[in-house]
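Text of upload.pdb (PDB, C-alpha atoms) as supplied:
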```pdb
ATOM      1  CA  GLN A   5    -176.768 -86.014  68.155
ATOM      2  CA  TRP A   6    -175.370 -83.226  65.916
ATOM      3  CA  ARG A   7    -176.557 -80.663  68.479
ATOM      4  CA  ARG A   8    -174.556 -82.441  71.157
ATOM      5  CA  LEU A   9    -171.463 -82.642  68.926
ATOM      6  CA  LEU A  10    -171.538 -78.904  68.187
ATOM      7  CA  ARG A  11    -172.033 -77.982  71.838
ATOM      8  CA  ASN A  12    -169.294 -80.399  72.980
ATOM      9  CA  ALA A  13    -166.859 -79.007  70.402
ATOM     10  CA  GLN A  14    -167.528 -75.436  71.498
ATOM     11  CA  SER A  15    -167.202 -76.364  75.183
ATOM     12  CA  LEU A  16    -163.862 -78.063  74.445
ATOM     13  CA  LEU A  17    -162.699 -74.926  72.646
ATOM     14  CA  ALA A  18    -163.733 -72.771  75.613
ATOM     15  CA  ALA A  19    -161.950 -75.164  78.001
ATOM     16  CA  CYS A  20    -158.741 -74.899  75.942
ATOM     17  CA  LEU A  21    -158.905 -71.107  76.140
ATOM     18  CA  TYR A  22    -159.550 -71.360  79.859
ATOM     19  CA  MET A  23    -156.540 -73.674  80.343
ATOM     20  CA  VAL A  24    -154.290 -71.171  78.567
ATOM     21  CA  SER A  25    -155.589 -68.438  80.865
ATOM     22  CA  THR A  26    -154.698 -70.503  83.947
ATOM     23  CA  TRP A  27    -151.040 -70.471  82.918
ATOM     24  CA  ILE A  28    -151.164 -66.669  82.887
ATOM     25  CA  ARG A  29    -153.216 -66.317  86.058
ATOM     26  CA  TYR A  30    -151.090 -68.795  88.019
ATOM     27  CA  ALA A  31    -147.885 -66.835  87.465
ATOM     28  CA  PRO A  32    -146.002 -66.565  90.779
ATOM     29  CA  ASN A  33    -146.423 -63.680  93.203
ATOM     30  CA  HIS A  34    -150.079 -62.952  92.442
ATOM     31  CA  THR A  35    -152.251 -62.207  95.422
ATOM     32  CA  ILE A  36    -155.923 -63.119  95.408
ATOM     33  CA  LEU A  37    -156.751 -59.495  94.492
ATOM     34  CA  GLY A  38    -154.151 -59.669  91.718
ATOM     35  CA  GLN A  39    -155.774 -62.844  90.378
ATOM     36  CA  PHE A  40    -159.209 -61.163  90.432
ATOM     37  CA  LEU A  41    -157.909 -58.180  88.484
ATOM     38  CA  LEU A  42    -155.986 -60.368  86.049
ATOM     39  CA  SER A  43    -159.136 -62.410  85.422
ATOM     40  CA  LEU A  44    -161.028 -59.211  84.585
ATOM     41  CA  LEU A  45    -158.268 -58.149  82.199
ATOM     42  CA  LEU A  46    -158.348 -61.539  80.465
ATOM     43  CA  VAL A  47    -162.124 -61.580  79.903
ATOM     44  CA  PRO A  48    -162.187 -59.400  76.726
ATOM     45  CA  PRO A  49    -159.482 -61.374  74.870
ATOM     46  CA  VAL A  50    -160.998 -64.709  75.960
ATOM     47  CA  THR A  51    -164.521 -63.738  74.853
ATOM     48  CA  LEU A  52    -163.262 -62.366  71.525
ATOM     49  CA  ALA A  53    -161.079 -65.428  70.888
ATOM     50  CA  TYR A  54    -164.000 -67.727  71.722
ATOM     51  CA  HIS A  55    -166.362 -65.761  69.455
ATOM     52  CA  LEU A  56    -163.929 -65.921  66.532
ATOM     53  CA  LEU A  57    -162.709 -69.505  66.975
ATOM     54  CA  SER A  58    -166.177 -70.947  67.627
ATOM     55  CA  GLN A  59    -167.355 -69.142  64.466
ATOM     56  CA  ASN A  60    -170.505 -67.945  66.224
ATOM     57  CA  ARG A  61    -172.037 -64.949  64.459
ATOM     58  CA  ALA A  62    -175.534 -63.914  65.457
ATOM     59  CA  GLY A  63    -177.471 -64.907  68.526
ATOM     60  CA  GLY A  64    -180.912 -64.533  69.991
ATOM     61  CA  TYR A  65    -180.588 -60.754  70.401
ATOM     62  CA  TYR A  66    -177.440 -59.655  68.517
ATOM     63  CA  ASP A  67    -175.831 -59.834  65.072
ATOM     64  CA  GLY A  68    -172.140 -59.634  66.037
ATOM     65  CA  TYR A  69    -169.562 -59.480  68.816
ATOM     66  CA  VAL A  70    -170.025 -55.810  69.748
ATOM     67  CA  GLU A  71    -173.850 -56.004  69.683
ATOM     68  CA  MET A  72    -173.613 -58.904  72.133
ATOM     69  CA  PHE A  73    -172.616 -56.340  74.787
ATOM     70  CA  VAL A  74    -174.427 -53.236  73.480
ATOM     71  CA  GLN A  75    -177.818 -54.987  73.249
ATOM     72  CA  LEU A  76    -177.470 -56.616  76.669
ATOM     73  CA  PRO A  77    -180.115 -54.404  78.388
ATOM     74  CA  GLN A  78    -182.708 -55.499  75.803
ATOM     75  CA  HIS A  79    -181.659 -59.091  76.323
ATOM     76  CA  VAL A  80    -182.179 -58.802  80.095
ATOM     77  CA  ARG A  81    -185.722 -57.518  79.458
ATOM     78  CA  ASP A  82    -186.359 -60.455  77.099
ATOM     79  CA  VAL A  83    -185.070 -62.982  79.654
ATOM     80  CA  MET A  84    -187.608 -61.692  82.197
ATOM     81  CA  LYS A  85    -190.406 -62.743  79.782
ATOM     82  CA  ARG A  86    -189.143 -66.320  79.412
ATOM     83  CA  GLY A  87    -191.121 -69.203  80.821
ATOM     84  CA  SER A  88    -194.266 -68.178  78.942
ATOM     85  CA  LEU A  89    -196.086 -70.452  76.513
ATOM     86  CA  GLN A  90    -195.194 -68.116  73.632
ATOM     87  CA  TYR A  91    -191.482 -68.448  74.427
ATOM     88  CA  LYS A  92    -191.726 -72.246  74.537
ATOM     89  CA  ALA A  93    -193.534 -72.219  71.193
ATOM     90  CA  GLU A  94    -190.781 -70.054  69.635
ATOM     91  CA  ILE A  95    -188.067 -72.429  70.882
ATOM     92  CA  GLU A  96    -189.970 -75.466  69.571
ATOM     93  CA  HIS A  97    -190.326 -73.681  66.221
ATOM     94  CA  GLU A  98    -186.532 -73.116  66.241
ATOM     95  CA  HIS A  99    -185.951 -76.836  66.767
ATOM     96  CA  GLU A 100    -188.272 -77.684  63.873
ATOM     97  CA  ASP A 101    -186.388 -75.236  61.637
ATOM     98  CA  GLY A 102    -183.037 -76.830  62.545
ATOM     99  CA  ILE A 103    -181.771 -74.051  64.824
ATOM    100  CA  VAL A 104    -179.224 -75.095  67.458
ATOM    101  CA  ARG A 105    -178.450 -72.812  70.404
ATOM    102  CA  THR A 106    -174.851 -72.657  71.665
ATOM    103  CA  VAL A 107    -173.048 -70.699  74.379
ATOM    104  CA  ASN A 108    -171.877 -67.299  73.108
ATOM    105  CA  GLY A 109    -168.839 -65.191  74.025
ATOM    106  CA  LEU A 110    -170.593 -63.152  76.710
ATOM    107  CA  GLU A 111    -171.897 -66.258  78.475
ATOM    108  CA  THR A 112    -168.427 -67.795  78.218
ATOM    109  CA  GLY A 113    -166.960 -64.634  79.771
ATOM    110  CA  VAL A 114    -169.384 -64.773  82.701
ATOM    111  CA  LEU A 115    -168.464 -68.418  83.338
ATOM    112  CA  PHE A 116    -164.772 -67.519  82.996
ATOM    113  CA  VAL A 117    -165.008 -64.862  85.722
ATOM    114  CA  LEU A 118    -167.143 -67.057  87.971
ATOM    115  CA  VAL A 119    -164.844 -70.094  87.845
ATOM    116  CA  SER A 120    -161.575 -68.148  87.981
ATOM    117  CA  TRP A 121    -162.706 -66.075  90.977
ATOM    118  CA  LEU A 122    -164.022 -69.115  92.850
ATOM    119  CA  SER A 123    -160.794 -70.989  92.184
ATOM    120  CA  ALA A 124    -158.738 -68.018  93.417
ATOM    121  CA  LEU A 125    -160.726 -68.084  96.655
ATOM    122  CA  LEU A 126    -160.882 -71.860  97.159
ATOM    123  CA  MET A 127    -157.502 -72.925  95.744
ATOM    124  CA  PRO A 128    -154.949 -70.141  96.262
ATOM    125  CA  VAL A 129    -151.712 -70.515  94.316
ATOM    126  CA  SER A 130    -148.837 -71.967  96.311
ATOM    127  CA  PRO A 131    -145.545 -70.764  94.806
ATOM    128  CA  GLY A 132    -143.013 -73.430  93.933
ATOM    129  CA  ASN A 133    -145.433 -76.351  93.945
ATOM    130  CA  ALA A 134    -145.733 -77.057  90.220
ATOM    131  CA  ARG A 135    -147.556 -80.375  90.711
ATOM    132  CA  SER A 136    -150.386 -78.849  92.745
ATOM    133  CA  ASP A 137    -150.578 -75.915  90.337
ATOM    134  CA  PHE A 138    -150.958 -78.276  87.368
ATOM    135  CA  SER A 139    -153.572 -80.456  89.071
ATOM    136  CA  GLY A 140    -155.379 -77.291  90.197
ATOM    137  CA  CYS A 141    -155.404 -76.019  86.596
ATOM    138  CA  CYS A 142    -156.800 -79.341  85.392
ATOM    139  CA  VAL A 143    -159.547 -79.443  88.019
ATOM    140  CA  GLU A 144    -160.432 -75.804  87.372
ATOM    141  CA  THR A 145    -160.570 -76.364  83.602
ATOM    142  CA  PHE A 146    -162.720 -79.477  84.033
ATOM    143  CA  VAL A 147    -165.186 -77.546  86.204
ATOM    144  CA  PHE A 148    -165.275 -74.771  83.592
ATOM    145  CA  PHE A 149    -165.903 -77.308  80.804
ATOM    146  CA  CYS A 150    -168.755 -78.933  82.753
ATOM    147  CA  LEU A 151    -170.431 -75.604  83.528
ATOM    148  CA  HIS A 152    -170.022 -74.454  79.907
ATOM    149  CA  ARG A 153    -171.601 -77.674  78.698
ATOM    150  CA  ILE A 154    -174.459 -77.455  81.229
ATOM    151  CA  CYS A 155    -175.226 -73.898  80.141
ATOM    152  CA  GLY A 156    -175.309 -75.082  76.534
ATOM    153  CA  GLY A 157    -178.080 -77.547  77.316
ATOM    154  CA  ASN A 158    -180.849 -75.269  78.707
ATOM    155  CA  ILE A 159    -181.316 -77.550  81.708
ATOM    156  CA  PHE A 160    -184.255 -75.849  83.402
ATOM    157  CA  SER A 161    -187.928 -76.572  82.827
ATOM    158  CA  GLY A 162    -191.243 -75.206  84.056
ATOM    159  CA  GLN A 163    -191.334 -71.542  85.121
ATOM    160  CA  CYS A 164    -187.523 -71.259  84.835
ATOM    161  CA  TYR A 165    -187.454 -72.654  81.261
ATOM    162  CA  GLY A 166    -185.090 -70.543  79.209
ATOM    163  CA  LEU A 167    -183.306 -68.964  82.169
ATOM    164  CA  LEU A 168    -179.992 -70.391  80.981
ATOM    165  CA  GLN A 169    -180.950 -70.594  77.299
ATOM    166  CA  PRO A 170    -177.705 -70.148  75.327
ATOM    167  CA  GLU A 171    -177.801 -67.302  72.820
ATOM    168  CA  GLY A 172    -175.434 -68.339  70.007
ATOM    169  CA  MET A 173    -177.395 -69.736  67.040
ATOM    170  CA  TRP A 174    -176.525 -72.251  64.321
ATOM    171  CA  HIS A 175    -178.689 -73.607  61.502
ATOM    172  CA  PHE A 176    -178.625 -77.287  60.531
ATOM    173  CA  HIS A 177    -180.062 -77.568  57.037
ATOM    174  CA  ARG A 178    -180.228 -79.720  53.937
ATOM    175  CA  VAL A 179    -178.422 -78.609  50.779
ATOM    176  CA  PRO A 180    -179.288 -80.269  47.445
ATOM    177  CA  SER A 181    -176.356 -82.141  45.961
ATOM    178  CA  PRO A 182    -176.049 -83.531  42.421
ATOM    179  CA  LEU A 183    -174.095 -86.607  43.598
ATOM    180  CA  ALA A 184    -176.271 -87.637  46.511
ATOM    181  CA  SER A 185    -179.864 -87.139  47.560
ATOM    182  CA  ALA A 186    -178.903 -84.335  49.936
ATOM    183  CA  ASP A 187    -175.979 -82.863  51.825
ATOM    184  CA  TRP A 188    -176.444 -81.724  55.442
ATOM    185  CA  ARG A 189    -174.663 -78.578  56.606
ATOM    186  CA  MET A 190    -174.392 -76.640  59.824
ATOM    187  CA  THR A 191    -173.800 -72.898  59.465
ATOM    188  CA  PRO A 192    -173.836 -70.051  61.984
ATOM    189  CA  VAL A 193    -176.913 -67.829  61.846
ATOM    190  CA  SER A 194    -176.067 -64.377  60.432
ATOM    191  CA  TYR A 195    -178.958 -62.323  61.839
ATOM    192  CA  HIS A 196    -180.880 -62.527  65.096
ATOM    193  CA  PRO A 197    -184.621 -63.280  65.057
ATOM    194  CA  ASP A 198    -186.854 -60.250  64.876
ATOM    195  CA  PRO A 199    -188.503 -59.704  67.286
ATOM    196  CA  CYS A 200    -186.145 -61.119  69.908
ATOM    197  CA  TYR A 201    -187.514 -63.518  72.491
TER
END
```

Could you spell out this file's structure in structure tokens?
Amino acid sequence: QWRRLLRNAQSLLAACLYMVSTWIRYAPNHTILGQFLLSLLLVPPVTLAYHLLSQNRAGGYYDGYVEMFVQLPQHVRDVMKRGSLQYKAEIEHEHEDGIVRTVNGLETGVLFVLVSWLSALLMPVSPGNARSDFSGCCVETFVFFCLHRICGGNIFSGQCYGLLQPEGMWHFHRVPSPLASADWRMTPVSYHPDPCY
């Protein structure tokens, strides 16, 4: 249940950031091309804000925000190896150690571009119609939240297991306490596993 709570909280945070971006992107007089370009300009601040506010630190292949992008080629090579028995064993070992995977800033940025571009194509802004703009923003944000949450759950199995494995990592662990038998804490992982998988 604590895994679900963490993932839901981070998806809600991402949805709030997405909703704020819709107010900027739905400014009047933006063409579809203008909305595409504006979405691309908003990706870096959205991913950085999500990384900082979600308090994610290290992930499956990186130790910080910049490495998330710099180490991406290595990550792509690692993703191609997923689906193997060794990968499944590593993930099961993570679960036993109390590791929780969450969606990171890069994955949030990819979802941001995907949803904002699809919404620009399917629901173009109609100037002067504030009610439709607001309902469009709400629908768009809800779709973004659902996709963010789905990506956080590693929904595939079989040969595709791990294809959408989120990369942000948190550790749920027991801390001895003098007043009680134990205190449970959830902290972001500071360093990625070595070797990456």

Around all listed atoms of range 105-113 of chain A, padded 6 Å per side, what centre and edge lengths does the axis-aligned box have in Å to one decimal, as JSON?
```
{"center_x": -172.7, "center_y": -68.0, "center_z": 75.1, "size_x": 23.5, "size_y": 21.7, "size_z": 21.4}
```

Do you know which residues the PyMOL selection byres ((chain A and resi 52) around 12) returns on this file, as an MDAnalysis selection string?
chainID A and resid 18 21 46:51 53:61 68:70 72:73 108:113

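Separating CA of Val117 in chain A from CA of Ala31 in chain A is a distance of 17.3 Å.
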
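Going from CA of Leu118 in chain A over to CA of Arg153 in chain A, you cover 14.8 Å.
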
For Trp27 in chain A, find every residue with an atom within 10 Å (counting only C-alpha atoms), except residues of its own chain fewer than 6 positions away, and show them as number ranges by chain.
A: 137-138, 141

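Proximity ranking of A:Gly64, A:Trp188, A:Leu41, A:Leu151 relative to Val119 in chain A places A:Leu151 first, based on only C-alpha atoms.
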
What separates CA of His196 in chain A and CA of Gln75 in chain A is a distance of 11.5 Å

Just say which residues the PyMOL selection byres ((chain A and resi 125) around 12) picks in this file, as a list in words.
Thr35, Ile36, Leu37, Gly38, Gln39, Phe40, Leu118, Val119, Ser120, Trp121, Leu122, Ser123, Ala124, Leu126, Met127, Pro128 and Val129 of chain A

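Here the PyMOL selection byres ((chain A and resi 145) around 9) matches the residues Ala19, Cys20, Tyr22, Met23, Thr26, Val119, Gly140, Cys141, Cys142, Val143, Glu144, Phe146, Val147, Phe148, Phe149 and Cys150 of chain A.
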
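Every protein or nucleic acid residue with an atom no more than 9 Å from Met173 in chain A, counting all atoms listed in the file and leaving out same-chain residues fewer than 2 positions away, appears here: Asn60, Arg61, Ala62, Gly63, Gly64, Ile103, Val104, Arg105, Thr106, Val107, Asn108, Pro170, Glu171, His175, Thr191, Pro192, Val193, Ser194 and His196 of chain A.
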
Which residues, written as a ChimeraX atom specification, have at least one atom at most 9 Å from Val83 in chain A, with all atoms listed in the file counted and residues fewer than 2 positions away on the same chain left out?
/A:78-81,85-87,166-167,169,201

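Remark: for Leu10 in chain A, the closest of the candidate residues A:Gly172, A:Pro77, A:Val179, A:Tyr65 is A:Gly172 (distances computed over only C-alpha atoms).
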
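Restricting the calculation to all atoms listed in the file, the smallest distance between Ile28 in chain A and any of A:Met84, A:Met190, A:Cys155, A:Leu45 is found for A:Leu45.
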
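With only C-alpha atoms as the atoms that count, the residue of A:Glu100, A:Phe116, A:Gly156, A:Tyr66 with the shortest distance to Arg7 in chain A is A:Gly156.
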